[in-house]
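> Following this message is one structure expressed as structure tokens.
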Amino acid sequence: MAGEILFFKGTKSHLIFLAFCLVGTCLLAKAKVHNLTWEVSYQYKSLDCYNKLAIAINGETPGPTIFATEGDTIIVNVKNNLLMENLAIHWHGIRQIGTPWSDGTDGVSQCGTMPGDTFVYQFVVDMAGTYMYHSHYGMQRESGLYGLIKVALPFGTIEPFTYYSEHGVVLSDWYHSSSYEQATGLTSIPYVWVGEPQSLLINGRGKYDCANLSASVCNAANPECAPASFTVVPGRTYRFRIASLTSLSALSFQIEGHNMTVVEADGNYVEPFATENLYIYSGETYSVLVTANQSSSSNYWITTNVVGREPSTPIGQAILNYYPNHNHKPPTTTPPPGPLWNDTDARKKQSVAIKARQGYVQTPPHPEKVIVLLNTQNKVDGYTKWAINNVSHTLPETPYLIAVKKNWLDVFDQMPVPEGYDYENYDIYSVQSNTNATTSSSIYRLVFNSTVDVILQNANTMTANNSETHPWHLHGHDFWVLGFGDGQYDMENDDANYNLENPIMKNTVPLHPYGWTALRFQANNPGIWLFLCHIEAHYLLGMLVMFESGSWMVSEPPQANMGCGKTKSLMNP
């Protein structure tokens with residue numbers, strides 16, 4: 001029974017054990033310090049059977065999962081062995097309260113770590129839930145530098161749902177071209193789009209068609225690309241912690257013959273609802289409960305497929321292994337293809353269905369400021385860009401937070417950023433005749449502890465009848481998701497339809513084609529925080545803004561965060 005306590009959440013045996021604690025026969029566990037050492041290097045990998053360079057942590061991609069308990073301190077000693085490029089790692093979903101210098105955002109909180117150097121990240125995981133980490137330098141994320149963070153509740157605290165054990169699932173898309181090739185195409189004239197990924201990976205494993213390729217290039221028999229397997233005991237219920245680390249693709253995730261009950265999103269409890277398909281966007285995490293209630297005579301397919309874009313990428317596949325079947329015994333059925341890629345209504349319905357669980361609702365305060373962010377694709381001097389309110393953001397050479405702390409006003413633009421657009425005269429359904437935008441490195445300065453509404457407004461791209469899906473992620477905060485709508489946001493009336501009763505709090509939210517998304521957050525974490533589209537190519541091309549508040553309360557910049565731009569003048573000789 002003692003061994004089972006590690007796996008059962010909220011079961012009778014667990015409650016009995018807790019009762020002994022309450023009468024003083026055991027001590028509550030204290031917060032721990034997890035000291036990790038990571039060496040980041042390029043490694044040849046065959047994640048989808050095709051051999052290419054990937055970025056690995058201690059030889060692994062995806063990198064090692066971080067296991068911790070709420071309140072624990074994480075120390076990660078990251079040595080950059082990439083030889084020819086810098087490095088920064090962002091701890092996505094960790095709010096970095098009091099530790100903004102460890103947010104891991106190149107150009108915002110730090111200079112990228114140079115080859116051969118070691119950067120020490122230190123932060124507290126202040127809230128239980130499912131999170132992730134990934135590179136935040138250039139387009140390195142798509143090269144495999146990412147992984148999962150699992151934060152458990154403190155001992156003696158019980159989840160509002162029960163399960164026997166859990167599995168971690170990392171979803172990603174995989175390109176055979178390098179991030180250097182892709183970045184060069186995106187920033188050139190003529191513009192070269194990255195295209196659709198060659199494969200979808202589940203826990204770093206996929207299957208590319210090796211026909212007509214030599215075994216040295218692509219080998220379908222390579223065990224490295226054998227499908228991932230998740231073992232379940234018949235009759236038991238399991239928690240699947242799912243994270244999307246895609247660089248481009250919106251996905252649907254499904255398990256053949258099984259429903260999923262959604263219970264957590266980005267570290268916050270969801271009012272449970274059942275679904276056959278979980279729509280998940282880059283930067284999002286979910287926990288779903290799955291009961292192994294099908295016949296144990298066979299295994300079942302787990303699949304993921306591209307949605308929101310007309311796919312040319314095969315579905316990703318893994319195996320739900322029913323014990324005692326062999327864990328790599330393939331199911332005899334055809335893998336389920338998933339929902340239609342262009343069923344936008346189904347995706348919107350899931351977005352609306354995600355609400356805070358009863359008993360865990362945090363009521364949003366009244367807003368003091370409203371910012372409208374129009375998402376557009378534009379041209380700047382012939383170069384293709386993504387822009388917000390017709391301004392494409394450019395990162396300065398000197399990290400923002402250091403510049404603000406040192407009062408270096410010459411480092412970035414001091415002009416105010418537009419807080420809206422000419423919505424009365426802007427047609428979101430048309431290709432704009434004047435597509436030329438401007439560039440800027442300006443930031444939004446917010447009153448510390450103020451409450452801010454952000455309206456994300458989608459529009460047509462420079463291609464007729466096309467509007468992209470954008471997953472927006474905010475560093476340093478969770479926000480309330482107030483609502484979604486079709487068409488152009490009505491500044492006079494649409495706020496009347498907000499969900500103020502039980503809005504979910506998240507750190508990443510989708511903006512659907514030709515629609516709007518409304519969110520609210522409190523600027524109560526001192527620092528400068530990035531708010532960005534989590535699609536790598538869109539971020540590279542300027543689809544981001546900066547929120548500053550209370551930065552005077554931040555400690556002086558550590559020496560390790562310097563080394564680029566004007567910070568060179570502060571380096572010790």
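By order of appearance in the structure tokens: chains A, B, ..., then residues from 1 within every chain, and ligands from 1 in the order shown.
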Residues of region 153-222 of chain A in alpha helix (DSSP H) according to DSSP, as a list in words?

Ser179, Tyr180, Glu181, Gln182, Ala183, Thr184, Gly185 and Leu186 of chain A

> Please identify every residue of region 435-552 of chain A that has at least one atom no farther than 12 Å from an atom of region 268-272 of chain A, counting only C-alpha atoms, and for each give the shortest atom pair and the distance in Å to one decimal, arranged by chain then increasing number, as CSV.


```
residue,atom,partner,partner_atom,distance
A:Asp478,CA,A:Asn268,CA,9.4
A:Phe479,CA,A:Asn268,CA,10.8
A:Trp480,CA,A:Asn268,CA,10.7
A:Val481,CA,A:Asn268,CA,11.9
A:Asn502,CA,A:Glu271,CA,9.2
A:Pro503,CA,A:Val270,CA,9.6
A:Ile504,CA,A:Val270,CA,7.1
A:Met505,CA,A:Asn268,CA,6.4
A:Lys506,CA,A:Asn268,CA,6.9
A:Asn507,CA,A:Asn268,CA,9.7
A:Thr508,CA,A:Asn268,CA,11.8
```

> Write the selection just made, keeping N, CA, C and O atoms, as a short mmCIF file (atom, residue, chain, number, x, y, z; two decimals), in the first residue's frame?


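Saved to result_32.cif:
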```
data_model
loop_
_atom_site.label_atom_id
_atom_site.label_comp_id
_atom_site.auth_asym_id
_atom_site.auth_seq_id
_atom_site.Cartn_x
_atom_site.Cartn_y
_atom_site.Cartn_z
N ASP A 478 -0.60 34.96 -15.22
CA ASP A 478 -1.78 34.30 -15.78
C ASP A 478 -2.81 35.39 -16.07
O ASP A 478 -2.78 36.47 -15.45
N PHE A 479 -3.70 35.13 -17.00
CA PHE A 479 -4.75 36.10 -17.31
C PHE A 479 -6.10 35.40 -17.34
O PHE A 479 -6.19 34.19 -17.53
N TRP A 480 -7.15 36.18 -17.12
CA TRP A 480 -8.51 35.67 -17.27
C TRP A 480 -8.90 35.69 -18.74
O TRP A 480 -8.69 36.70 -19.43
N VAL A 481 -9.46 34.59 -19.22
CA VAL A 481 -9.99 34.55 -20.59
C VAL A 481 -11.46 34.93 -20.49
O VAL A 481 -12.29 34.17 -19.99
N ASN A 502 -17.16 32.71 -14.18
CA ASN A 502 -16.18 31.65 -13.93
C ASN A 502 -15.15 31.58 -15.05
O ASN A 502 -14.92 30.51 -15.62
N PRO A 503 -14.50 32.70 -15.39
CA PRO A 503 -13.51 32.66 -16.48
C PRO A 503 -12.28 31.86 -16.07
O PRO A 503 -11.81 31.96 -14.93
N ILE A 504 -11.77 31.07 -16.98
CA ILE A 504 -10.55 30.32 -16.73
C ILE A 504 -9.37 31.27 -16.75
O ILE A 504 -9.38 32.28 -17.45
N MET A 505 -8.36 30.96 -15.96
CA MET A 505 -7.09 31.68 -16.02
C MET A 505 -6.09 30.82 -16.77
O MET A 505 -5.99 29.61 -16.55
N LYS A 506 -5.37 31.44 -17.69
CA LYS A 506 -4.40 30.72 -18.51
C LYS A 506 -3.19 31.63 -18.75
O LYS A 506 -3.20 32.81 -18.38
N ASN A 507 -2.17 31.07 -19.39
CA ASN A 507 -1.06 31.91 -19.84
C ASN A 507 -0.93 31.94 -21.35
O ASN A 507 -0.16 32.72 -21.90
N THR A 508 -1.72 31.08 -22.04
CA THR A 508 -1.71 31.03 -23.50
C THR A 508 -3.14 30.84 -23.98
O THR A 508 -3.88 30.03 -23.41
#
```

> Tell me, as number ranges by chain, which residues lie within 12 Å of Pro557 (chain A), counting only C-alpha atoms; anything in the same chain fewer than 5 positions away does not count.

A: 99-102, 108-111, 399-406, 527, 551-552, 562-563, 567, 570-571

> Which is closest to Ala68 (chain A) among A:Glu85, A:Asp494, A:Asp410, A:Asp126, if we use only C-alpha atoms?

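Smallest separation from Ala68 (chain A) among the options: A:Asp126.
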
> Please extract the residues of region 310-350 of chain A with a backbone DSSP assignment of strand (DSSP E or B) and present them as a list in words.

Gly316, Gln317, Ala318, Ile319, Leu320, Asn321 and Tyr322 of chain A

> Pull N, CA and C atoms from the residues just selected and write them as a JSON list (two decimals), in the first residue's frame.


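As written to disk, selection09.json reads:
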```json
[["chain", "number", "residue", "atom", "x", "y", "z"],
["A", 316, "GLY", "N", 0.57, 12.24, -36.44],
["A", 316, "GLY", "CA", 1.50, 11.64, -35.51],
["A", 316, "GLY", "C", 0.83, 10.48, -34.78],
["A", 317, "GLN", "N", 1.62, 9.46, -34.47],
["A", 317, "GLN", "CA", 1.05, 8.25, -33.88],
["A", 317, "GLN", "C", 1.83, 7.80, -32.65],
["A", 318, "ALA", "N", 1.09, 7.31, -31.65],
["A", 318, "ALA", "CA", 1.67, 6.65, -30.50],
["A", 318, "ALA", "C", 0.73, 5.50, -30.13],
["A", 319, "ILE", "N", 1.09, 4.76, -29.09],
["A", 319, "ILE", "CA", 0.33, 3.56, -28.72],
["A", 319, "ILE", "C", -0.14, 3.67, -27.28],
["A", 320, "LEU", "N", -1.45, 3.45, -27.07],
["A", 320, "LEU", "CA", -1.98, 3.25, -25.73],
["A", 320, "LEU", "C", -1.89, 1.75, -25.46],
["A", 321, "ASN", "N", -0.98, 1.39, -24.59],
["A", 321, "ASN", "CA", -0.66, -0.02, -24.34],
["A", 321, "ASN", "C", -1.45, -0.54, -23.15],
["A", 322, "TYR", "N", -2.36, -1.48, -23.42],
["A", 322, "TYR", "CA", -3.13, -2.14, -22.36],
["A", 322, "TYR", "C", -2.31, -3.30, -21.79]]
```

> Provide the CA of Asn561 (chain A) to CA of Ala54 (chain A) distance in Å, to one decimal place.

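Taking CA of Asn561 (chain A) as the start and CA of Ala54 (chain A) as the end point, the length is 25.6 Å.
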
> Taking only C-alpha atoms into account, which of A:Val78, A:Ala250, A:Met132, A:Ala88 comes nearest Thr65 (chain A)?

A:Met132

> Which is closest to Glu224 (chain A) among A:Gln122, A:Ser188, A:Asn51, A:Ser441, if we use only C-alpha atoms?

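Among the listed residues, the smallest separation from Glu224 (chain A) belongs to A:Asn51.
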
> Need to verify the contact set: Val33 (chain A), 9 Å, only C-alpha atoms, exclusion of same-chain residues closer than 5 positions in sequence. Can you return it as a list in words?

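Counting only C-alpha atoms, the residues come to Ala68, Asp72, Thr73, Ile74 and Ile75 of chain A.
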
> For a quick check of understanding, using only C-alpha atoms, which of A:Leu482, A:Met114, A:Met491, A:Val431 has the smallest distance to Asn465 (chain A)?

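Residue with the minimum atom-to-atom distance to Asn465 (chain A): A:Val431.
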
> Figure out the distance between CA of Ile388 (chain A) and CA of Ala496 (chain A), please, to one decimal in Å.

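Separation between CA of Ala496 (chain A) and CA of Ile388 (chain A): 25.0 Å.
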